[in-house]
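Containing mmCIF, C-alpha atoms: protein.cif.
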```cif
data_data
loop_
_atom_site.label_atom_id
_atom_site.label_comp_id
_atom_site.auth_asym_id
_atom_site.auth_seq_id
_atom_site.Cartn_x
_atom_site.Cartn_y
_atom_site.Cartn_z
CA MET G 50 -45.57 21.65 15.99
CA ILE G 51 -43.47 22.11 19.08
CA ALA G 52 -44.44 25.79 19.37
CA ALA G 53 -48.10 24.84 19.55
CA THR G 54 -47.58 22.20 22.21
CA HIS G 55 -45.29 24.11 24.57
CA ALA G 56 -48.15 26.18 25.92
CA LYS G 57 -49.99 23.02 26.98
CA ARG G 58 -47.40 22.16 29.62
CA ILE G 59 -49.00 23.31 32.85
CA ALA G 60 -47.53 23.09 36.32
CA VAL G 61 -49.77 21.12 38.61
CA GLY G 62 -47.92 20.88 41.88
CA VAL G 63 -46.22 22.71 44.68
CA ILE G 64 -42.49 22.27 45.25
CA ALA G 65 -42.31 21.35 48.90
CA ALA G 66 -38.89 22.82 49.53
CA ALA G 67 -38.03 25.05 52.46
CA LEU G 68 -37.84 28.68 51.34
CA ALA G 69 -34.90 30.41 52.99
CA VAL G 70 -34.21 34.14 53.00
CA GLY G 71 -30.82 35.31 51.76
CA ALA G 72 -28.86 37.35 49.25
CA ALA G 73 -25.28 37.91 48.27
CA GLY G 74 -23.57 40.96 46.87
CA CYS G 75 -22.04 41.07 43.42
CA SER G 76 -18.40 40.18 42.99
CA SER G 77 -16.31 43.33 42.74
CA ASN G 78 -13.25 41.69 41.25
CA PRO G 79 -14.11 38.65 39.15
CA GLY G 80 -10.70 38.52 37.52
CA PRO G 81 -9.81 38.68 33.85
CA ALA G 82 -11.84 36.89 31.26
CA LYS G 83 -10.31 33.66 30.05
CA PRO G 84 -9.53 33.29 26.38
CA ALA G 85 -11.66 31.13 24.14
CA PRO G 86 -11.68 28.20 23.61
CA GLY G 87 -10.33 28.00 27.17
CA HIS G 88 -11.17 24.74 28.91
CA GLN G 89 -12.72 23.09 25.90
CA GLY G 90 -10.77 20.24 24.35
CA ALA G 91 -9.88 19.84 20.73
CA ALA G 92 -12.22 18.25 18.23
CA ALA G 93 -12.00 14.52 17.79
CA PRO G 94 -10.34 13.33 14.58
CA ASN G 95 -12.68 12.70 11.67
CA MET G 96 -13.73 9.11 11.21
CA ALA G 97 -16.24 7.33 9.06
CA PRO G 98 -19.53 7.00 10.96
CA HIS G 99 -20.53 3.54 12.11
CA VAL G 100 -24.23 3.53 11.29
CA ILE G 101 -26.53 2.11 13.95
CA GLY G 102 -29.91 0.53 13.21
CA ASP G 103 -31.85 2.34 10.50
CA GLY G 104 -29.24 5.12 10.26
CA SER G 105 -30.95 7.50 12.65
CA THR G 106 -27.81 7.44 14.82
CA ALA G 107 -24.18 6.57 14.23
CA TYR G 108 -21.01 6.18 16.24
CA THR G 109 -18.56 8.86 15.06
CA GLY G 110 -15.86 8.63 17.71
CA LEU G 111 -15.29 10.38 21.01
CA GLN G 112 -17.27 13.56 21.54
CA PRO G 113 -15.21 16.70 20.92
CA HIS G 114 -14.85 19.83 23.06
CA LEU G 115 -15.25 18.16 26.45
CA LEU G 116 -13.64 19.33 29.67
CA LYS G 117 -10.90 16.91 30.65
CA PRO G 118 -11.60 15.93 34.27
CA THR G 119 -8.56 16.40 36.49
CA LYS G 120 -8.13 15.53 40.14
CA LEU G 121 -7.65 18.47 42.46
CA GLN G 122 -4.17 18.89 43.90
CA PRO G 123 -3.88 18.87 47.71
CA GLY G 124 -5.33 22.10 49.08
CA GLN G 125 -6.39 23.37 45.67
CA ARG G 126 -9.51 25.52 45.40
CA PRO G 127 -12.09 23.83 43.16
CA PRO G 128 -13.20 25.54 39.97
CA GLN G 129 -16.64 27.11 39.79
CA PHE G 130 -18.94 24.93 37.70
CA VAL G 131 -22.20 26.21 36.23
CA VAL G 132 -24.65 23.95 34.38
CA PHE G 133 -27.27 25.46 32.07
CA SER G 134 -29.88 22.94 30.97
CA TRP G 135 -32.98 23.00 28.78
CA ASP G 136 -36.16 20.95 29.34
CA GLY G 137 -37.94 19.54 26.31
CA ALA G 138 -35.28 20.85 23.95
CA GLY G 139 -36.47 21.18 20.36
CA GLU G 140 -36.22 23.72 17.55
CA ASP G 141 -39.42 25.56 16.62
CA SER G 142 -40.26 28.87 14.95
CA GLN G 143 -38.69 30.82 17.83
CA LYS G 144 -35.29 29.28 16.96
CA LEU G 145 -34.13 29.46 20.56
CA PHE G 146 -32.21 26.17 20.38
CA SER G 147 -30.03 27.50 17.57
CA HIS G 148 -29.71 30.88 19.28
CA PHE G 149 -28.42 29.47 22.56
CA ARG G 150 -26.02 27.19 20.76
CA GLU G 151 -24.40 30.35 19.40
CA VAL G 152 -24.51 32.06 22.80
CA ALA G 153 -22.74 29.05 24.31
CA LYS G 154 -20.02 29.00 21.66
CA GLU G 155 -19.39 32.72 22.06
CA SER G 156 -19.16 32.34 25.86
CA ASN G 157 -16.91 29.28 26.04
CA ALA G 158 -19.77 27.18 27.42
CA THR G 159 -21.34 23.80 26.87
CA MET G 160 -24.83 22.86 28.08
CA THR G 161 -27.26 19.96 28.52
CA TYR G 162 -30.29 19.65 26.25
CA PHE G 163 -33.05 17.41 27.60
CA LEU G 164 -34.74 16.16 24.44
CA SER G 165 -38.39 15.08 24.64
CA GLY G 166 -38.68 11.81 22.72
CA VAL G 167 -42.06 12.69 21.19
CA TYR G 168 -40.42 15.68 19.47
CA MET G 169 -38.81 13.06 17.21
CA LEU G 170 -42.15 11.36 16.45
CA PRO G 171 -44.56 12.69 13.80
CA GLU G 172 -48.23 13.10 14.62
CA ALA G 173 -49.10 10.45 12.02
CA LYS G 174 -47.18 7.86 14.06
CA ALA G 175 -48.54 8.94 17.45
CA ASN G 176 -49.89 5.45 18.17
CA LEU G 177 -46.31 4.19 18.50
CA TYR G 178 -46.27 5.86 21.92
CA THR G 179 -48.14 4.42 24.86
CA ALA G 180 -47.40 6.26 28.09
CA PRO G 181 -47.75 4.35 31.35
CA LYS G 182 -51.34 4.58 32.62
CA HIS G 183 -52.49 6.24 29.36
CA SER G 184 -53.99 5.15 26.07
CA PRO G 185 -51.88 4.81 22.91
CA GLY G 186 -51.27 7.90 20.81
CA HIS G 187 -51.68 10.51 23.54
CA SER G 188 -49.16 13.03 24.88
CA ASP G 189 -49.70 16.11 27.03
CA ILE G 190 -47.26 18.02 24.81
CA GLY G 191 -48.45 16.56 21.52
CA PHE G 192 -46.07 15.33 18.84
CA ASN G 193 -44.13 17.00 16.03
CA ASP G 194 -44.41 17.65 12.32
CA LEU G 195 -41.78 16.79 9.70
CA LYS G 196 -40.26 20.27 9.62
CA GLY G 197 -40.03 20.32 13.40
CA ILE G 198 -38.32 16.93 13.45
CA LYS G 199 -35.86 17.93 10.74
CA ASP G 200 -35.02 21.22 12.46
CA THR G 201 -34.64 19.55 15.85
CA VAL G 202 -32.36 16.85 14.44
CA THR G 203 -30.22 19.57 12.84
CA GLN G 204 -29.80 21.31 16.19
CA VAL G 205 -29.20 18.13 18.21
CA ARG G 206 -26.58 16.97 15.70
CA ALA G 207 -24.69 20.27 15.81
CA ALA G 208 -25.04 20.65 19.58
CA TRP G 209 -23.43 17.28 20.27
CA LYS G 210 -20.53 18.06 17.92
CA GLU G 211 -19.95 21.26 19.90
CA GLY G 212 -19.57 19.32 23.15
CA ASN G 213 -23.11 19.65 24.50
CA GLU G 214 -24.93 16.76 26.16
CA ILE G 215 -28.18 15.25 24.89
CA GLY G 216 -30.20 14.04 27.87
CA THR G 217 -33.91 13.25 28.09
CA HIS G 218 -37.09 14.89 29.33
CA PHE G 219 -38.86 11.60 28.52
CA ASN G 220 -42.03 11.75 26.39
CA GLY G 221 -45.59 12.79 27.18
CA HIS G 222 -44.91 15.15 30.10
CA TYR G 223 -47.63 13.80 32.38
CA CYS G 224 -47.96 15.50 35.77
CA GLY G 225 -50.35 15.26 38.69
CA PRO G 226 -52.14 12.39 40.43
CA ASP G 227 -54.12 11.16 37.40
CA GLY G 228 -51.51 8.94 35.76
CA GLY G 229 -48.70 11.46 36.13
CA VAL G 230 -45.06 10.44 36.41
CA GLY G 231 -45.31 10.64 40.19
CA THR G 232 -47.55 7.55 40.11
CA TRP G 233 -45.26 5.42 37.92
CA SER G 234 -43.51 2.27 39.08
CA VAL G 235 -39.93 1.35 38.19
CA ALA G 236 -41.24 -0.94 35.46
CA GLU G 237 -43.34 1.89 34.03
CA TRP G 238 -40.35 4.25 34.07
CA LYS G 239 -38.36 1.64 32.16
CA SER G 240 -41.11 1.50 29.55
CA GLU G 241 -41.14 5.29 29.20
CA ILE G 242 -37.35 5.42 28.86
CA ALA G 243 -37.26 2.59 26.33
CA GLN G 244 -39.80 4.45 24.20
CA ALA G 245 -37.93 7.75 24.47
CA LYS G 246 -34.77 6.03 23.27
CA SER G 247 -36.64 4.25 20.49
CA PHE G 248 -38.01 7.52 19.07
CA VAL G 249 -34.50 8.98 18.92
CA LYS G 250 -32.95 5.80 17.51
CA ASN G 251 -35.64 5.38 14.83
CA TRP G 252 -36.60 8.92 13.82
CA LYS G 253 -35.70 8.26 10.17
CA THR G 254 -38.03 5.28 9.86
CA ASN G 255 -40.83 7.00 11.76
CA SER G 256 -40.58 10.29 9.86
CA GLY G 257 -39.53 9.07 6.42
CA LEU G 258 -36.67 11.62 6.39
CA LYS G 259 -34.16 9.01 5.31
CA ALA G 260 -31.97 11.38 3.30
CA GLU G 261 -30.97 13.32 6.44
CA ALA G 262 -27.63 12.74 8.15
CA PRO G 263 -27.69 10.62 11.31
CA LEU G 264 -27.27 11.90 14.82
CA PRO G 265 -23.53 11.47 15.52
CA PHE G 266 -23.76 9.37 18.68
CA ASP G 267 -24.90 6.02 20.04
CA TYR G 268 -27.91 7.06 22.15
CA ASP G 269 -27.65 3.97 24.35
CA LYS G 270 -24.27 5.30 25.50
CA GLU G 271 -25.04 9.01 25.28
CA LEU G 272 -28.05 8.88 27.59
CA ILE G 273 -26.89 8.96 31.22
CA GLY G 274 -29.40 11.26 32.95
CA GLY G 275 -32.51 13.38 32.76
CA ARG G 276 -35.06 15.59 34.49
CA THR G 277 -38.56 14.38 35.25
CA PRO G 278 -41.62 16.42 34.19
CA CYS G 279 -42.73 18.87 36.90
CA LEU G 280 -39.98 17.37 39.09
CA GLU G 281 -42.41 14.59 40.01
CA GLY G 282 -41.72 10.87 40.30
CA GLN G 283 -38.13 11.28 41.40
CA LYS G 284 -38.14 8.41 43.91
CA ASN G 285 -38.91 5.62 41.44
CA PHE G 286 -37.09 7.33 38.61
CA VAL G 287 -33.85 7.40 40.62
CA LYS G 288 -34.27 3.70 41.40
CA THR G 289 -34.72 3.11 37.68
CA ALA G 290 -31.69 5.23 36.82
CA GLY G 291 -29.56 3.22 39.22
CA GLU G 292 -30.69 -0.06 37.71
CA LEU G 293 -29.98 1.24 34.18
CA GLY G 294 -26.51 2.43 35.14
CA TRP G 295 -27.31 6.10 34.60
CA ARG G 296 -25.01 8.55 36.31
CA TYR G 297 -27.12 11.48 37.48
CA ASP G 298 -30.58 12.86 38.17
CA THR G 299 -31.54 16.54 38.21
CA SER G 300 -35.19 16.28 39.25
CA GLY G 301 -34.87 17.52 42.81
CA VAL G 302 -34.54 20.75 44.77
CA ASN G 303 -31.56 21.58 46.94
CA ASP G 304 -29.56 24.44 48.38
CA GLN G 305 -26.35 25.62 46.74
CA VAL G 306 -24.16 22.96 48.32
CA TRP G 307 -21.88 20.30 46.94
CA PRO G 308 -23.69 17.33 45.36
CA LYS G 309 -23.67 13.79 46.68
CA LYS G 310 -24.51 10.40 45.26
CA ASN G 311 -27.80 8.92 46.41
CA PRO G 312 -28.04 5.33 47.70
CA ASN G 313 -28.64 4.10 44.14
CA GLY G 314 -25.19 5.33 43.11
CA VAL G 315 -26.60 8.19 41.03
CA TRP G 316 -25.30 11.76 41.40
CA ASP G 317 -27.96 14.09 42.80
CA LEU G 318 -27.44 17.18 40.63
CA SER G 319 -30.64 18.89 41.68
CA MET G 320 -31.59 22.41 40.77
CA GLN G 321 -31.20 24.89 43.60
CA LEU G 322 -32.91 27.61 45.58
CA VAL G 323 -31.63 31.03 44.53
CA PRO G 324 -32.40 34.60 45.66
CA VAL G 325 -35.29 36.64 44.32
CA PRO G 326 -33.92 40.19 44.68
CA GLY G 327 -36.29 42.45 46.57
CA ARG G 328 -38.34 39.54 47.93
CA GLU G 329 -38.07 37.71 51.24
CA PHE G 330 -37.81 34.22 49.79
CA GLN G 331 -35.87 32.13 47.34
CA THR G 332 -37.16 30.25 44.33
CA LEU G 333 -35.99 27.39 42.16
CA SER G 334 -33.18 28.14 39.70
CA MET G 335 -35.49 27.83 36.70
CA ASP G 336 -37.17 30.33 34.40
CA TYR G 337 -40.64 28.88 34.97
CA ASN G 338 -40.47 29.43 38.73
CA PHE G 339 -39.64 33.12 38.34
CA TYR G 340 -42.50 33.29 35.84
CA MET G 341 -44.88 31.74 38.37
CA ASN G 342 -43.79 33.91 41.27
CA GLN G 343 -43.90 37.11 39.23
CA SER G 344 -47.08 36.77 37.14
CA ASN G 345 -48.68 33.48 38.22
CA ALA G 346 -47.41 31.77 35.03
CA MET G 347 -49.54 34.04 32.86
CA THR G 348 -48.52 36.89 30.58
CA GLY G 349 -48.19 39.89 32.85
CA ASP G 350 -48.12 43.64 32.37
CA ALA G 351 -45.72 44.47 29.55
CA ASP G 352 -44.36 47.37 31.62
CA GLN G 353 -43.07 44.79 34.11
CA HIS G 354 -41.32 42.46 31.66
CA GLU G 355 -37.93 44.16 31.79
CA TYR G 356 -38.05 44.39 35.59
CA TRP G 357 -38.97 40.73 35.94
CA GLY G 358 -36.20 39.64 33.58
CA ASN G 359 -33.67 41.74 35.46
CA GLN G 360 -34.90 40.28 38.74
CA MET G 361 -34.21 36.76 37.51
CA ARG G 362 -30.83 37.77 36.06
CA ASP G 363 -29.77 39.49 39.28
CA GLY G 364 -30.96 36.52 41.33
CA LEU G 365 -28.76 34.23 39.25
CA PHE G 366 -25.89 36.69 39.57
CA GLN G 367 -26.25 36.65 43.35
CA ALA G 368 -26.44 32.86 43.38
CA PHE G 369 -23.29 32.69 41.27
CA ASP G 370 -21.41 35.15 43.47
CA ARG G 371 -22.16 33.38 46.73
CA SER G 372 -20.78 30.13 45.30
CA TYR G 373 -17.85 31.74 43.48
CA GLU G 374 -16.75 33.69 46.56
CA GLY G 375 -17.91 31.02 49.02
CA ASN G 376 -18.16 27.23 48.92
CA ARG G 377 -17.67 26.91 45.14
CA ALA G 378 -20.64 24.52 44.91
CA PRO G 379 -21.73 23.94 41.31
CA LEU G 380 -24.61 26.20 40.27
CA ILE G 381 -27.41 24.28 38.50
CA ILE G 382 -29.84 26.26 36.31
CA GLY G 383 -32.85 24.96 34.36
CA ASN G 384 -34.70 26.59 31.48
CA HIS G 385 -37.21 26.16 28.67
CA PHE G 386 -37.13 27.41 25.08
CA GLU G 387 -40.05 29.75 25.76
CA SER G 388 -40.74 33.48 25.38
CA TRP G 389 -42.77 34.00 28.53
CA ASN G 390 -43.36 37.63 29.48
CA GLY G 391 -41.93 38.93 26.25
CA GLY G 392 -38.80 36.78 26.38
CA ALA G 393 -37.69 38.33 29.68
CA TYR G 394 -36.30 35.05 31.04
CA MET G 395 -34.43 34.15 27.86
CA LYS G 396 -32.69 37.51 28.02
CA ALA G 397 -31.87 36.93 31.69
CA VAL G 398 -30.34 33.53 30.96
CA GLU G 399 -28.35 34.87 28.01
CA GLU G 400 -26.94 37.72 30.09
CA THR G 401 -26.00 35.24 32.80
CA VAL G 402 -24.19 32.98 30.35
CA ARG G 403 -22.32 35.87 28.74
CA THR G 404 -21.36 37.41 32.10
CA GLU G 405 -20.40 34.43 34.24
CA CYS G 406 -19.03 31.81 31.84
CA VAL G 407 -16.07 33.97 30.78
CA LYS G 408 -14.83 34.64 34.31
CA ARG G 409 -11.58 33.29 35.68
CA ASP G 410 -11.71 29.72 37.01
CA VAL G 411 -15.30 29.21 35.80
CA HIS G 412 -16.42 26.22 33.72
CA CYS G 413 -19.90 26.25 32.20
CA VAL G 414 -20.40 22.59 31.38
CA SER G 415 -22.96 19.86 30.84
CA PHE G 416 -24.15 17.49 33.55
CA ARG G 417 -22.07 14.73 31.94
CA GLN G 418 -18.90 16.78 32.32
CA LEU G 419 -19.73 17.74 35.90
CA ALA G 420 -20.33 14.07 36.76
CA ASP G 421 -17.01 13.17 35.10
CA TRP G 422 -15.20 15.74 37.22
CA LEU G 423 -16.89 14.66 40.44
CA ASP G 424 -16.01 11.03 39.76
CA ALA G 425 -12.36 12.01 39.27
CA GLN G 426 -12.07 13.52 42.77
CA ASP G 427 -10.98 11.96 46.03
CA PRO G 428 -14.23 11.07 47.87
CA ALA G 429 -12.64 12.16 51.17
CA VAL G 430 -12.00 15.63 49.76
CA LEU G 431 -15.56 15.91 48.43
CA ALA G 432 -16.84 14.86 51.86
CA LYS G 433 -15.09 17.89 53.36
CA PHE G 434 -16.64 20.15 50.71
CA HIS G 435 -20.03 18.83 51.88
CA SER G 436 -19.44 20.49 55.26
CA LEU G 437 -19.62 23.96 53.70
CA LYS G 438 -22.97 25.72 53.87
CA VAL G 439 -24.46 27.99 51.21
CA GLY G 440 -22.02 30.81 50.47
CA GLU G 441 -19.56 29.61 53.14
CA ALA G 442 -15.89 29.83 52.22
CA PRO G 443 -13.60 27.49 54.18
CA LYS G 444 -12.15 29.14 57.26
CA GLY G 445 -8.42 29.51 56.74
CA GLY G 446 -8.65 28.60 53.06
CA TRP G 447 -8.99 25.43 51.05
CA ALA G 448 -5.74 23.90 52.28
CA ALA G 449 -6.92 24.31 55.87
CA LEU G 450 -10.22 22.61 55.01
CA GLU G 451 -8.43 19.63 53.55
CA ALA G 452 -6.18 19.40 56.60
CA THR G 453 -9.14 19.04 58.98
CA GLN G 454 -9.92 15.67 60.57
CA PRO G 455 -12.17 13.40 58.52
CA ALA G 456 -15.86 13.86 59.16
CA ALA G 457 -17.79 11.19 61.01
CA PRO G 458 -19.29 8.52 58.75
CA ALA G 459 -22.42 9.78 57.08
CA LYS G 460 -25.74 8.47 58.28
CA PRO G 461 -27.82 6.53 55.76
CA VAL G 462 -29.65 8.84 53.42
CA ALA G 463 -33.36 8.94 54.09
CA PRO G 464 -35.69 8.03 51.23
CA LEU G 465 -36.51 10.91 48.92
CA ARG G 466 -39.76 12.50 50.01
CA PRO G 467 -41.20 16.00 49.93
CA ALA G 468 -40.90 18.31 52.88
CA ALA G 469 -43.92 20.04 54.36
CA PRO G 470 -45.44 22.60 51.98
CA GLN G 471 -44.72 26.26 52.63
CA PRO G 472 -48.07 28.08 52.42
CA ALA G 473 -46.65 31.61 52.56
CA VAL G 474 -45.24 31.60 49.03
CA LYS G 475 -46.69 29.79 46.02
CA GLN G 476 -43.79 27.88 44.49
CA ALA G 477 -44.58 26.39 41.12
CA ALA G 478 -43.40 22.96 40.14
CA ALA G 479 -40.98 23.01 37.24
CA ARG G 480 -42.58 22.01 33.99
#
```
Kindly transcribe the structure held in the file into structure tokens.
Amino acid sequence: MIAATHAKRIAVGVIAAALAVGAAGCSSNPGPAKPAPGHQGAAAPNMAPHVIGDGSTAYTGLQPHLLKPTKLQPGQRPPQFVVFSWDGAGEDSQKLFSHFREVAKESNATMTYFLSGVYMLPEAKANLYTAPKHSPGHSDIGFNDLKGIKDTVTQVRAAWKEGNEIGTHFNGHYCGPDGGVGTWSVAEWKSEIAQAKSFVKNWKTNSGLKAEAPLPFDYDKELIGGRTPCLEGQKNFVKTAGELGWRYDTSGVNDQVWPKKNPNGVWDLSMQLVPVPGREFQTLSMDYNFYMNQSNAMTGDADQHEYWGNQMRDGLFQAFDRSYEGNRAPLIIGNHFESWNGGAYMKAVEETVRTECVKRDVHCVSFRQLADWLDAQDPAVLAKFHSLKVGEAPKGGWAALEATQPAAPAKPVAPLRPAAPQPAVKQAAAR
């Protein structure tokens, strides 16, 4: 079962990102809430599904409820984008996948669900998976049972129809130096990706659940990005993504600044460093990193659970406010369907969705939709947005920023590599 395997995912590294001190006050006048369905588009017309392969997937037309990307008008302030994403998305006894689907619908939001391929593969067929540098039939997060596969398929099917993106968290979740994803070559990444796609495209054959409805998309076209386990292996993964024509990667760590494409032509939509209220450092915009910093990734004192959840919520609020009132850089947030510290982080994320996604000029979208919007913009305008630091609003307004002289040509981007570790604060690698 997924619930039994989640606890096996253990962080093994240190995020070597510079930890800056900073905080931002809450917005005092966020503006009126926008009406639902707001920015979401209408549903696509019904059409007979075009079954693919064994019927595990099917082409059913254009995805409904997507933000229509529009080019900014001269001098126009960009909207505030927020991306909520979920690593290893699957439905288990906690029913958090189904719960957050409802939260998203009620808050005029869409999200990205990074499906782990082995969650579509039953234990009895484990030998169909051979991870790079590992023996057949092994996975650090196990496999699934038939009920778990059926429940996960139900949620993935409904999520896509609601405008959410189905990305990938790959398969076995291997971290560390002993055959972890950080040691994989481009060829090995291609093998891992091909297997992840195969498990999604053939879940009916592998599970025997042939009476179930197909997933309503062509996974070869749906899959355009992912997040690596423990944020390791990004260098060769990004090379692989570029060769496969994928459009984004979210396996890195960055400040709250406007994203750029890396030399492989892939959008770097990294998670970000956000405030930890009351502490003199920032942490990664992910539930697991708050969990690590607060209780060393172990269940802590129950009397502290509410405080810790509020600390994460308020940190995300501060991160939102400094973008919303400042440089308008997209806010990227990562999560897991887990109930660590009594569900404190799930409550924090839910409160963040319900509070921020309904504000004026805010779009809570998937990575696909953010990439679509970025691709629709004038590169020269985006280059000027890149000049804005964390929380920095353009002096004289957005029209004045656009009227400035073009920036000097950018220097070649250095190869992705970790910065020097920061020994003062233990910063857990995302799982």
If we count all atoms listed in the file and set the cut-off at 10 Å, which residues sit around Tyr162 (chain G), ignoring sequence neighbours fewer than 2 positions away in its own chain? Please answer as a PDB file with C-alpha atoms, in the coordinates of the input.
```pdb
ATOM      1  CA  PHE G 133     -27.270  25.460  32.070  1.00  0.00           C
ATOM      2  CA  SER G 134     -29.880  22.940  30.970  1.00  0.00           C
ATOM      3  CA  TRP G 135     -32.980  23.000  28.780  1.00  0.00           C
ATOM      4  CA  ASP G 136     -36.160  20.950  29.340  1.00  0.00           C
ATOM      5  CA  GLY G 137     -37.940  19.540  26.310  1.00  0.00           C
ATOM      6  CA  ALA G 138     -35.280  20.850  23.950  1.00  0.00           C
ATOM      7  CA  GLY G 139     -36.470  21.180  20.360  1.00  0.00           C
ATOM      8  CA  PHE G 146     -32.210  26.170  20.380  1.00  0.00           C
ATOM      9  CA  THR G 159     -21.340  23.800  26.870  1.00  0.00           C
ATOM     10  CA  MET G 160     -24.830  22.860  28.080  1.00  0.00           C
ATOM     11  CA  LEU G 164     -34.740  16.160  24.440  1.00  0.00           C
ATOM     12  CA  SER G 165     -38.390  15.080  24.640  1.00  0.00           C
ATOM     13  CA  VAL G 205     -29.200  18.130  18.210  1.00  0.00           C
ATOM     14  CA  ALA G 208     -25.040  20.650  19.580  1.00  0.00           C
ATOM     15  CA  TRP G 209     -23.430  17.280  20.270  1.00  0.00           C
ATOM     16  CA  ASN G 213     -23.110  19.650  24.500  1.00  0.00           C
ATOM     17  CA  GLU G 214     -24.930  16.760  26.160  1.00  0.00           C
ATOM     18  CA  ILE G 215     -28.180  15.250  24.890  1.00  0.00           C
ATOM     19  CA  GLY G 216     -30.200  14.040  27.870  1.00  0.00           C
ATOM     20  CA  THR G 217     -33.910  13.250  28.090  1.00  0.00           C
ATOM     21  CA  HIS G 218     -37.090  14.890  29.330  1.00  0.00           C
ATOM     22  CA  GLY G 275     -32.510  13.380  32.760  1.00  0.00           C
ATOM     23  CA  ASN G 384     -34.700  26.590  31.480  1.00  0.00           C
ATOM     24  CA  HIS G 385     -37.210  26.160  28.670  1.00  0.00           C
ATOM     25  CA  SER G 415     -22.960  19.860  30.840  1.00  0.00           C
ATOM     26  CA  PHE G 416     -24.150  17.490  33.550  1.00  0.00           C
TER      27      PHE G 416
END
```
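When only C-alpha atoms are used to compute distances to Pro181 (chain G), the closest of the residues G:Gly166, G:Gly231, G:Gly301, G:Pro127 turns out to be G:Gly231.
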task: Taking (-32.3, 8.6, 11.3) in the file's own coordinates, collect the residues within 8 Å, counting all atoms listed in the file, and hand them back as a ChimeraX atom specification.
output: /G:103-106,249-254,258-259,261-264
Go ahead and write the selection's residues with C-alpha atoms as an mmCIF file, keeping the file's coordinate frame.
```cif
data_model
loop_
_atom_site.group_PDB
_atom_site.id
_atom_site.type_symbol
_atom_site.label_atom_id
_atom_site.label_comp_id
_atom_site.auth_asym_id
_atom_site.auth_seq_id
_atom_site.Cartn_x
_atom_site.Cartn_y
_atom_site.Cartn_z
ATOM 1 C CA ASP G 103 -31.850 2.340 10.500
ATOM 2 C CA GLY G 104 -29.240 5.120 10.260
ATOM 3 C CA SER G 105 -30.950 7.500 12.650
ATOM 4 C CA THR G 106 -27.810 7.440 14.820
ATOM 5 C CA VAL G 249 -34.500 8.980 18.920
ATOM 6 C CA LYS G 250 -32.950 5.800 17.510
ATOM 7 C CA ASN G 251 -35.640 5.380 14.830
ATOM 8 C CA TRP G 252 -36.600 8.920 13.820
ATOM 9 C CA LYS G 253 -35.700 8.260 10.170
ATOM 10 C CA THR G 254 -38.030 5.280 9.860
ATOM 11 C CA LEU G 258 -36.670 11.620 6.390
ATOM 12 C CA LYS G 259 -34.160 9.010 5.310
ATOM 13 C CA GLU G 261 -30.970 13.320 6.440
ATOM 14 C CA ALA G 262 -27.630 12.740 8.150
ATOM 15 C CA PRO G 263 -27.690 10.620 11.310
ATOM 16 C CA LEU G 264 -27.270 11.900 14.820
#
```
Report the centre and edge lengths, in Å to one decimal, of an axis-aligned box enclosing every atom of region 285-289 of chain G listed in the file, padded by 4 Å on each side, as JSON.
```
{"center_x": -36.4, "center_y": 5.3, "center_z": 39.6, "size_x": 13.1, "size_y": 12.3, "size_z": 11.8}
```
query: Contacts of Val235 (chain G) at 10 Å or less, counting all atoms listed in the file, minus same-chain residues fewer than 4 places along, as an MDAnalysis selection string?
result: chainID G and resid 239:241 282 284:290 292
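Counting from CA of Tyr356 (chain G), the distance to CA of Glu399 (chain G) is 15.6 Å.
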query: Which residues come within 12 Å of Asp304 (chain G), counting all atoms listed in the file, excluding same-chain residues fewer than 6 positions away, as a count of residues only?
result: 31
query: Neighbours of Gly274 (chain G) within 7 Å (all atoms listed in the file; same-chain residues fewer than 2 positions away dropped), as number ranges by chain?
result: G: 216-217, 272, 295-298
Target residues per the PyMOL selection byres ((chain G and resi 426) around 12), formatted as an mmCIF file with C-alpha atoms, in the frame of the given file:
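Written output follows (result-v6.cif):
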```
data_model
loop_
_atom_site.group_PDB
_atom_site.id
_atom_site.type_symbol
_atom_site.label_atom_id
_atom_site.label_comp_id
_atom_site.auth_asym_id
_atom_site.auth_seq_id
_atom_site.Cartn_x
_atom_site.Cartn_y
_atom_site.Cartn_z
ATOM 1 C CA PRO G 118 -11.600 15.930 34.270
ATOM 2 C CA THR G 119 -8.560 16.400 36.490
ATOM 3 C CA LYS G 120 -8.130 15.530 40.140
ATOM 4 C CA LEU G 121 -7.650 18.470 42.460
ATOM 5 C CA GLN G 122 -4.170 18.890 43.900
ATOM 6 C CA PRO G 123 -3.880 18.870 47.710
ATOM 7 C CA GLN G 125 -6.390 23.370 45.670
ATOM 8 C CA PRO G 127 -12.090 23.830 43.160
ATOM 9 C CA LEU G 419 -19.730 17.740 35.900
ATOM 10 C CA ALA G 420 -20.330 14.070 36.760
ATOM 11 C CA ASP G 421 -17.010 13.170 35.100
ATOM 12 C CA TRP G 422 -15.200 15.740 37.220
ATOM 13 C CA LEU G 423 -16.890 14.660 40.440
ATOM 14 C CA ASP G 424 -16.010 11.030 39.760
ATOM 15 C CA ALA G 425 -12.360 12.010 39.270
ATOM 16 C CA ASP G 427 -10.980 11.960 46.030
ATOM 17 C CA PRO G 428 -14.230 11.070 47.870
ATOM 18 C CA ALA G 429 -12.640 12.160 51.170
ATOM 19 C CA VAL G 430 -12.000 15.630 49.760
ATOM 20 C CA LEU G 431 -15.560 15.910 48.430
ATOM 21 C CA ALA G 432 -16.840 14.860 51.860
ATOM 22 C CA LYS G 433 -15.090 17.890 53.360
ATOM 23 C CA PHE G 434 -16.640 20.150 50.710
#
```
field: Residue nearest Glu374 (chain G) among G:Glu441, G:Glu211, G:Asp410, G:Glu405 (counting all atoms listed in the file)
entry: G:Glu441
